[in-house]
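K.L.:
I have a structure I would like to understand better, so I am pasting it below and will then ask my questions one at a time.
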Amino acid sequence: MDSYLIQVNGHGNHAPMLDVHLKTNGNSVSPGKVKGRKPRWAVRASEMSKKTFNPVRAIVDSMKVEPNPKKAMISLSLGDPTVFGNLPTNDEVTRAMKEALDSGRYNGYAPSVGYQSCREAVAAYYNCPEAPLKAQDVILTSGCSQAIELALAVLANPGQNILVPRPGFSLYKTLALSMGIEVKLYNLLPEKAWEIDLEHLESLVDEKTACLIVNNPSNPCGSVFSKSHLQKILAVASRQCLPILADEIYGDMVFADCKYEPIATLSTTVPILSCGGLAKRWLVPGWRMGWILIHDRRDIFGNEIRDGLVRLSQRILGPCTIVQGALERILHRTPAEFYHNTLSILKSNADLCYAALSAIPGLQPVRPAGAMYLMVEIEMEHFPEFENDVEFTERLISEQSVFCLPATCFEYPNFFRVVITVPEEMILEACSRIQEFCEMHYQGAEGAQDLECDK
């Protein structure tokens with residue numbers, strides 16, 4: 001048997017030094033004399049890092065285009081409601097943070113799943129008879145993005161697959177592929193206000209399907225599912241014994257003529273991990289406070305999923321403690337008027353944008369019902385000089401200094417997404433420029449055919 005001998009040698013006035021010898025089959029070998037290996041630098045990026053791919057960044061970063069210097073840039077691309085300063089958070093939210101900071105009580109480590117009092121506050125806020133919650137059903141996370149990451153990591157193994165909406169938030173694919181999880185895209189139907197193609201969804205399920213992601217209200221579509229449609233989605237999940245990862249970060253951000261139904265309130269049989277956070281509804285995305293709500297009325301998840309989430313949360317020791325210190329007050333003291341005013345602004349912007357873009361030949365916007373976005377179809381046959389939505393939006397930047405995300409970012413070509421959180425005057429100016437752009441490049445049926453012949 002090989003043995004290892006470690007000697008500590010000291011000579012005269014010299015400090016003791018560690019002398020390591022490897023004793024192999026009775027022969028002593030010093031480390032510098034180990035044969036068969038020549039040390040060399042070989043530092044390589046991990047396989048996980050190589051598999052991590054953000055399609056939005058990949059597409060946007062490759063758009064090497066300069067805006068028109070004669071026109072101020074209007075960016076309708078970033079889903080951050082704070083960019084232009086027209087949607088500040090409420091004073092109660094700010095005061096809660098100041099008090100938490102000044103108290104000095106939240107400078108240390110918290111439990112990785114969050115302070116018990118904060119978990120109780122979130123549970124109380126979302127608890128209802130149809131979907132009861134207790135503190136142990138809440139895992140606090142560093143933003144909703146980490147909530148989605150933990151939920152995926154606990155539900156799926158490398159080699160399994162998950163069902164993801166198309167068009168859909170790009171982070172689902174980014175996270176899944178980095179974990180070695182396959183993504184199967186199910187279709188949303190623009191002609192049905194972006195409802196799920198349920199037949200297509202169910203056809204994708206196989207023995208390796210780990211979970212179904214349902215995003216409602218939707219990024220990038222701005223759609224809100226009706227109660228009856230959610231019940232049909234749940235019926236598929238129940239038949240196929242599929243847990244649901246519900247991305248509900250835009251929960252309750254719906255316009256007055258619509259109603260938001262948390263999916264967990266509609267089922268006692270399907271286990272659901274609902275992901276949410278402060279970012280959008282409270283207009284503080286940079287504060288990075290999210291949560292997972294565990295809905296498991298039939299104990300299908302059991303202790304295994306709960307324990308798994310706790311262990312995964314220990315990787316970064318939980319979200320910001322100061323925001324946790326403010327959380328109960330934020331949830332329970334933010335006035336209803338604040339939410340109402342935010343939604344009124346978004347609804348007004350959505351209506352203005354939808355009406356303006358609907359009047360432009362070659363564009364077909366889909367009316368949103370909530371969240372902060374709307375999707376616009378480009379009738380590419382009327383813009384034959386552009387190969388696709390990426391080229392269309394590139395030229396829109398270079399000619400009109402208006403930046404909309406091409407929907408290829410969301411796996412849905414020949415559309416683009418508009419963010420409706422910008423000030424009203426910017427929405428109107430952007431729509432005016434988009435109209436000018438389209439009128440310049442639009443070709444009727446005959447003109448488009450002639451241009452194709454010239455090519």
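Please note that chains go A, B, ... in the order of the structure tokens, that every chain numbers its residues from 1, and that ligands are numbered from 1 in the order shown.
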Can you pull out every residue from stretch 299-365 of chain A that DSSP, working from the backbone, puts in helix (DSSP H, G or I), and format the result as number ranges by chain?

P.N.:
A: 302-313, 321-333, 336-358

K.L.:
List as a list in words the protein and nucleic acid residues near A:Cys275, meaning an atom at most 6 Å away when only C-alpha atoms are counted, but skip any in the same chain fewer than 2 places from it.

P.N.:
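The contact residues come out as Ala147, Asp247, Glu248, Trp291 and Ile292 of chain A.
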
K.L.:
Could you give me, as a PyMOL selection string, the residues within 10 Å of stretch 45-58 of chain A, counting only C-alpha atoms and dropping anything in the same chain fewer than 4 positions from it?

P.N.:
chain A and resi 62-63+169-180+405-411

K.L.:
Keeping only N, CA, C and O atoms, write the selected residues to a file as a compact mmCIF listing (two decimals), in the first residue's frame.

P.N.:
```
# COMPACT_ATOMS: atom_id res chain seq x y z
N SER A 62 -24.68 41.69 -31.28
CA SER A 62 -24.23 41.55 -32.67
C SER A 62 -24.82 42.61 -33.59
O SER A 62 -24.44 42.70 -34.76
N MET A 63 -25.75 43.41 -33.06
CA MET A 63 -26.37 44.47 -33.88
C MET A 63 -25.45 45.68 -33.91
O MET A 63 -25.63 46.65 -33.16
N PHE A 169 -39.78 34.35 -22.29
CA PHE A 169 -38.66 34.99 -21.63
C PHE A 169 -37.40 34.14 -21.87
O PHE A 169 -37.38 32.94 -21.60
N SER A 170 -36.34 34.78 -22.36
CA SER A 170 -35.16 34.05 -22.79
C SER A 170 -34.40 33.38 -21.64
O SER A 170 -33.66 32.43 -21.86
N LEU A 171 -34.59 33.86 -20.40
CA LEU A 171 -33.83 33.30 -19.28
C LEU A 171 -34.12 31.82 -19.06
O LEU A 171 -33.24 31.08 -18.60
N TYR A 172 -35.34 31.36 -19.37
CA TYR A 172 -35.66 29.95 -19.15
C TYR A 172 -34.66 29.07 -19.92
O TYR A 172 -34.10 28.11 -19.37
N LYS A 173 -34.47 29.40 -21.17
CA LYS A 173 -33.56 28.61 -22.01
C LYS A 173 -32.12 28.78 -21.55
O LYS A 173 -31.35 27.81 -21.50
N THR A 174 -31.74 30.01 -21.22
CA THR A 174 -30.37 30.27 -20.77
C THR A 174 -30.03 29.41 -19.56
O THR A 174 -28.98 28.76 -19.51
N LEU A 175 -30.91 29.40 -18.57
CA LEU A 175 -30.67 28.62 -17.36
C LEU A 175 -30.68 27.12 -17.64
O LEU A 175 -29.79 26.38 -17.19
N ALA A 176 -31.68 26.67 -18.39
CA ALA A 176 -31.82 25.23 -18.62
C ALA A 176 -30.62 24.66 -19.36
O ALA A 176 -30.06 23.63 -18.96
N LEU A 177 -30.20 25.30 -20.43
CA LEU A 177 -29.09 24.77 -21.22
C LEU A 177 -27.81 24.74 -20.41
O LEU A 177 -26.99 23.83 -20.55
N SER A 178 -27.62 25.73 -19.53
CA SER A 178 -26.41 25.73 -18.71
C SER A 178 -26.40 24.56 -17.73
O SER A 178 -25.35 24.12 -17.29
N MET A 179 -27.59 24.03 -17.40
CA MET A 179 -27.70 22.90 -16.48
C MET A 179 -27.76 21.56 -17.21
O MET A 179 -27.94 20.53 -16.58
N GLY A 180 -27.66 21.60 -18.53
CA GLY A 180 -27.75 20.36 -19.29
C GLY A 180 -29.16 19.85 -19.45
O GLY A 180 -29.39 18.66 -19.69
N LEU A 405 -36.87 45.41 -29.42
CA LEU A 405 -36.21 44.11 -29.48
C LEU A 405 -36.84 43.25 -30.58
O LEU A 405 -38.07 43.06 -30.59
N PRO A 406 -36.03 42.71 -31.48
CA PRO A 406 -36.57 41.74 -32.44
C PRO A 406 -37.03 40.50 -31.70
O PRO A 406 -36.36 40.04 -30.77
N ALA A 407 -38.17 39.95 -32.08
CA ALA A 407 -38.73 38.82 -31.33
C ALA A 407 -37.99 37.52 -31.59
O ALA A 407 -38.29 36.51 -30.93
N THR A 408 -37.01 37.52 -32.49
CA THR A 408 -36.10 36.37 -32.57
C THR A 408 -35.46 36.13 -31.21
O THR A 408 -35.12 35.00 -30.87
N CYS A 409 -35.29 37.19 -30.42
CA CYS A 409 -34.77 37.05 -29.05
C CYS A 409 -35.66 36.14 -28.21
O CYS A 409 -35.19 35.55 -27.22
N PHE A 410 -36.92 36.03 -28.58
CA PHE A 410 -37.89 35.23 -27.83
C PHE A 410 -38.34 34.00 -28.61
O PHE A 410 -39.40 33.45 -28.36
N GLU A 411 -37.50 33.60 -29.58
CA GLU A 411 -37.75 32.42 -30.42
C GLU A 411 -38.97 32.61 -31.32
O GLU A 411 -39.63 31.64 -31.70
```

K.L.:
Would you list the contacts of stretch 249-252 of chain A as a list in words, taking every protein, DNA or RNA residue within 9 Å and counting only C-alpha atoms, but skipping same-chain residues closer than 5 positions in sequence?

P.N.:
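Result of the neighbour search: Cys144, Asn215, Asn216, Pro217, Ser218, Asn219, Lys259, Tyr260, Glu261, Pro262, Ser274, Cys275, Gly276, Gly277, Leu278, Ala279, Lys280, Arg281, Gly290, Gly370, Ala371 and Met372 of chain A.
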
K.L.:
Restrict the calculation to only C-alpha atoms, then for each residue of stretch 131-219 of chain A with any atom at most 9 Å from an atom of stretch 90-113 of chain A give the closest atom pair and their distance in Å to one decimal, rows by chain and rising residue number, as a Markdown table.

P.N.:
```
| residue | atom | partner | partner_atom | distance |
| --- | --- | --- | --- | --- |
| A:Val138 | CA | A:Val113 | CA | 7.9 |
| A:Ile139 | CA | A:Val113 | CA | 5.0 |
| A:Leu140 | CA | A:Val113 | CA | 5.3 |
| A:Thr141 | CA | A:Val113 | CA | 7.2 |
```

K.L.:
Take the selection from the previous step and output its residues with N, CA, C and O atoms, as a compact mmCIF listing (two decimals), in the first residue's frame.

P.N.:
```
# COMPACT_ATOMS: atom_id res chain seq x y z
N VAL A 138 -42.51 29.27 1.77
CA VAL A 138 -41.88 30.42 1.12
C VAL A 138 -40.37 30.30 1.18
O VAL A 138 -39.80 30.07 2.25
N ILE A 139 -39.71 30.44 0.04
CA ILE A 139 -38.26 30.52 -0.05
C ILE A 139 -37.92 31.89 -0.63
O ILE A 139 -38.33 32.21 -1.75
N LEU A 140 -37.20 32.72 0.13
CA LEU A 140 -36.81 34.02 -0.39
C LEU A 140 -35.55 33.87 -1.24
O LEU A 140 -34.66 33.08 -0.92
N THR A 141 -35.47 34.65 -2.32
CA THR A 141 -34.38 34.50 -3.30
C THR A 141 -33.85 35.86 -3.73
O THR A 141 -34.48 36.89 -3.49
```

K.L.:
Would you please work out which residue, of A:Leu133, A:Ile420, A:Val376, A:Val164, is nearest to A:Leu293 when using only C-alpha atoms?

P.N.:
A:Leu133

K.L.:
Mind listing the strand (DSSP E) residues of stretch 273-350 of chain A, per DSSP on the backbone, as a PDB file with all heavy atoms, in the first residue's frame?

P.N.:
```pdb
ATOM      1  N   LEU A 273     -44.674  25.441  -8.225  1.00  0.00           N
ATOM      2  CA  LEU A 273     -43.721  26.386  -7.648  1.00  0.00           C
ATOM      3  C   LEU A 273     -43.961  27.721  -8.333  1.00  0.00           C
ATOM      4  O   LEU A 273     -43.700  27.878  -9.519  1.00  0.00           O
ATOM      5  CB  LEU A 273     -42.274  25.923  -7.875  1.00  0.00           C
ATOM      6  CG  LEU A 273     -41.860  24.599  -7.229  1.00  0.00           C
ATOM      7  CD1 LEU A 273     -40.391  24.292  -7.532  1.00  0.00           C
ATOM      8  CD2 LEU A 273     -42.105  24.617  -5.722  1.00  0.00           C
ATOM      9  N   SER A 274     -44.490  28.693  -7.587  1.00  0.00           N
ATOM     10  CA  SER A 274     -44.797  29.999  -8.143  1.00  0.00           C
ATOM     11  C   SER A 274     -43.668  30.960  -7.807  1.00  0.00           C
ATOM     12  O   SER A 274     -43.313  31.140  -6.643  1.00  0.00           O
ATOM     13  CB  SER A 274     -46.116  30.529  -7.572  1.00  0.00           C
ATOM     14  OG  SER A 274     -46.337  31.865  -7.980  1.00  0.00           O
ATOM     15  N   CYS A 275     -43.111  31.602  -8.841  1.00  0.00           N
ATOM     16  CA  CYS A 275     -41.978  32.515  -8.670  1.00  0.00           C
ATOM     17  C   CYS A 275     -42.447  33.956  -8.849  1.00  0.00           C
ATOM     18  O   CYS A 275     -43.141  34.278  -9.809  1.00  0.00           O
ATOM     19  CB  CYS A 275     -40.883  32.197  -9.690  1.00  0.00           C
ATOM     20  SG  CYS A 275     -40.210  30.520  -9.536  1.00  0.00           S
ATOM     21  N   GLY A 276     -42.044  34.806  -7.917  1.00  0.00           N
ATOM     22  CA  GLY A 276     -42.423  36.213  -7.992  1.00  0.00           C
ATOM     23  C   GLY A 276     -41.368  37.074  -7.337  1.00  0.00           C
ATOM     24  O   GLY A 276     -40.259  36.626  -7.054  1.00  0.00           O
ATOM     25  N   GLY A 277     -41.725  38.339  -7.074  1.00  0.00           N
ATOM     26  CA  GLY A 277     -40.759  39.228  -6.452  1.00  0.00           C
ATOM     27  C   GLY A 277     -41.224  40.672  -6.475  1.00  0.00           C
ATOM     28  O   GLY A 277     -42.310  40.994  -6.958  1.00  0.00           O
ATOM     29  N   GLY A 290     -36.826  38.275  -4.484  1.00  0.00           N
ATOM     30  CA  GLY A 290     -37.807  37.394  -5.095  1.00  0.00           C
ATOM     31  C   GLY A 290     -38.212  36.305  -4.121  1.00  0.00           C
ATOM     32  O   GLY A 290     -37.746  36.251  -2.977  1.00  0.00           O
ATOM     33  N   TRP A 291     -39.091  35.426  -4.591  1.00  0.00           N
ATOM     34  CA  TRP A 291     -39.533  34.324  -3.730  1.00  0.00           C
ATOM     35  C   TRP A 291     -40.105  33.184  -4.567  1.00  0.00           C
ATOM     36  O   TRP A 291     -40.524  33.354  -5.708  1.00  0.00           O
ATOM     37  CB  TRP A 291     -40.581  34.807  -2.731  1.00  0.00           C
ATOM     38  CG  TRP A 291     -41.659  35.675  -3.305  1.00  0.00           C
ATOM     39  CD1 TRP A 291     -42.731  35.313  -4.070  1.00  0.00           C
ATOM     40  CD2 TRP A 291     -41.762  37.106  -3.143  1.00  0.00           C
ATOM     41  NE1 TRP A 291     -43.485  36.400  -4.405  1.00  0.00           N
ATOM     42  CE2 TRP A 291     -42.929  37.517  -3.838  1.00  0.00           C
ATOM     43  CE3 TRP A 291     -41.002  38.059  -2.468  1.00  0.00           C
ATOM     44  CZ2 TRP A 291     -43.331  38.849  -3.886  1.00  0.00           C
ATOM     45  CZ3 TRP A 291     -41.402  39.383  -2.511  1.00  0.00           C
ATOM     46  CH2 TRP A 291     -42.555  39.764  -3.202  1.00  0.00           C
ATOM     47  N   ILE A 292     -40.072  32.010  -3.943  1.00  0.00           N
ATOM     48  CA  ILE A 292     -40.762  30.836  -4.464  1.00  0.00           C
ATOM     49  C   ILE A 292     -41.876  30.495  -3.486  1.00  0.00           C
ATOM     50  O   ILE A 292     -41.631  30.390  -2.272  1.00  0.00           O
ATOM     51  CB  ILE A 292     -39.822  29.624  -4.597  1.00  0.00           C
ATOM     52  CG1 ILE A 292     -38.660  29.944  -5.544  1.00  0.00           C
ATOM     53  CG2 ILE A 292     -40.583  28.389  -5.086  1.00  0.00           C
ATOM     54  CD1 ILE A 292     -37.587  28.865  -5.567  1.00  0.00           C
ATOM     55  N   LEU A 293     -43.082  30.341  -3.995  1.00  0.00           N
ATOM     56  CA  LEU A 293     -44.216  29.896  -3.189  1.00  0.00           C
ATOM     57  C   LEU A 293     -44.491  28.438  -3.540  1.00  0.00           C
ATOM     58  O   LEU A 293     -44.719  28.106  -4.706  1.00  0.00           O
ATOM     59  CB  LEU A 293     -45.454  30.752  -3.470  1.00  0.00           C
ATOM     60  CG  LEU A 293     -45.263  32.273  -3.386  1.00  0.00           C
ATOM     61  CD1 LEU A 293     -46.581  32.986  -3.689  1.00  0.00           C
ATOM     62  CD2 LEU A 293     -44.725  32.693  -2.026  1.00  0.00           C
ATOM     63  N   ILE A 294     -44.453  27.577  -2.540  1.00  0.00           N
ATOM     64  CA  ILE A 294     -44.624  26.140  -2.760  1.00  0.00           C
ATOM     65  C   ILE A 294     -46.082  25.781  -2.523  1.00  0.00           C
ATOM     66  O   ILE A 294     -46.585  25.869  -1.397  1.00  0.00           O
ATOM     67  CB  ILE A 294     -43.719  25.325  -1.817  1.00  0.00           C
ATOM     68  CG1 ILE A 294     -42.252  25.753  -1.969  1.00  0.00           C
ATOM     69  CG2 ILE A 294     -43.866  23.822  -2.085  1.00  0.00           C
ATOM     70  CD1 ILE A 294     -41.332  25.209  -0.895  1.00  0.00           C
ATOM     71  N   HIS A 295     -46.761  25.379  -3.592  1.00  0.00           N
ATOM     72  CA  HIS A 295     -48.166  24.957  -3.505  1.00  0.00           C
ATOM     73  C   HIS A 295     -48.221  23.458  -3.763  1.00  0.00           C
ATOM     74  O   HIS A 295     -47.966  22.999  -4.889  1.00  0.00           O
ATOM     75  CB  HIS A 295     -49.017  25.701  -4.536  1.00  0.00           C
ATOM     76  CG  HIS A 295     -49.059  27.179  -4.332  1.00  0.00           C
ATOM     77  ND1 HIS A 295     -49.881  27.777  -3.406  1.00  0.00           N
ATOM     78  CD2 HIS A 295     -48.377  28.195  -4.927  1.00  0.00           C
ATOM     79  CE1 HIS A 295     -49.715  29.091  -3.448  1.00  0.00           C
ATOM     80  NE2 HIS A 295     -48.811  29.364  -4.357  1.00  0.00           N
TER      81      HIS A 295
END
```

K.L.:
From the set A:Ala156, A:Val402, A:Val224, A:Ile233, which residue has the shortest atom-to-atom contact distance to A:Met426, counting only C-alpha atoms?

P.N.:
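Once distances to A:Met426 are computed over only C-alpha atoms, the minimum belongs to A:Val402.
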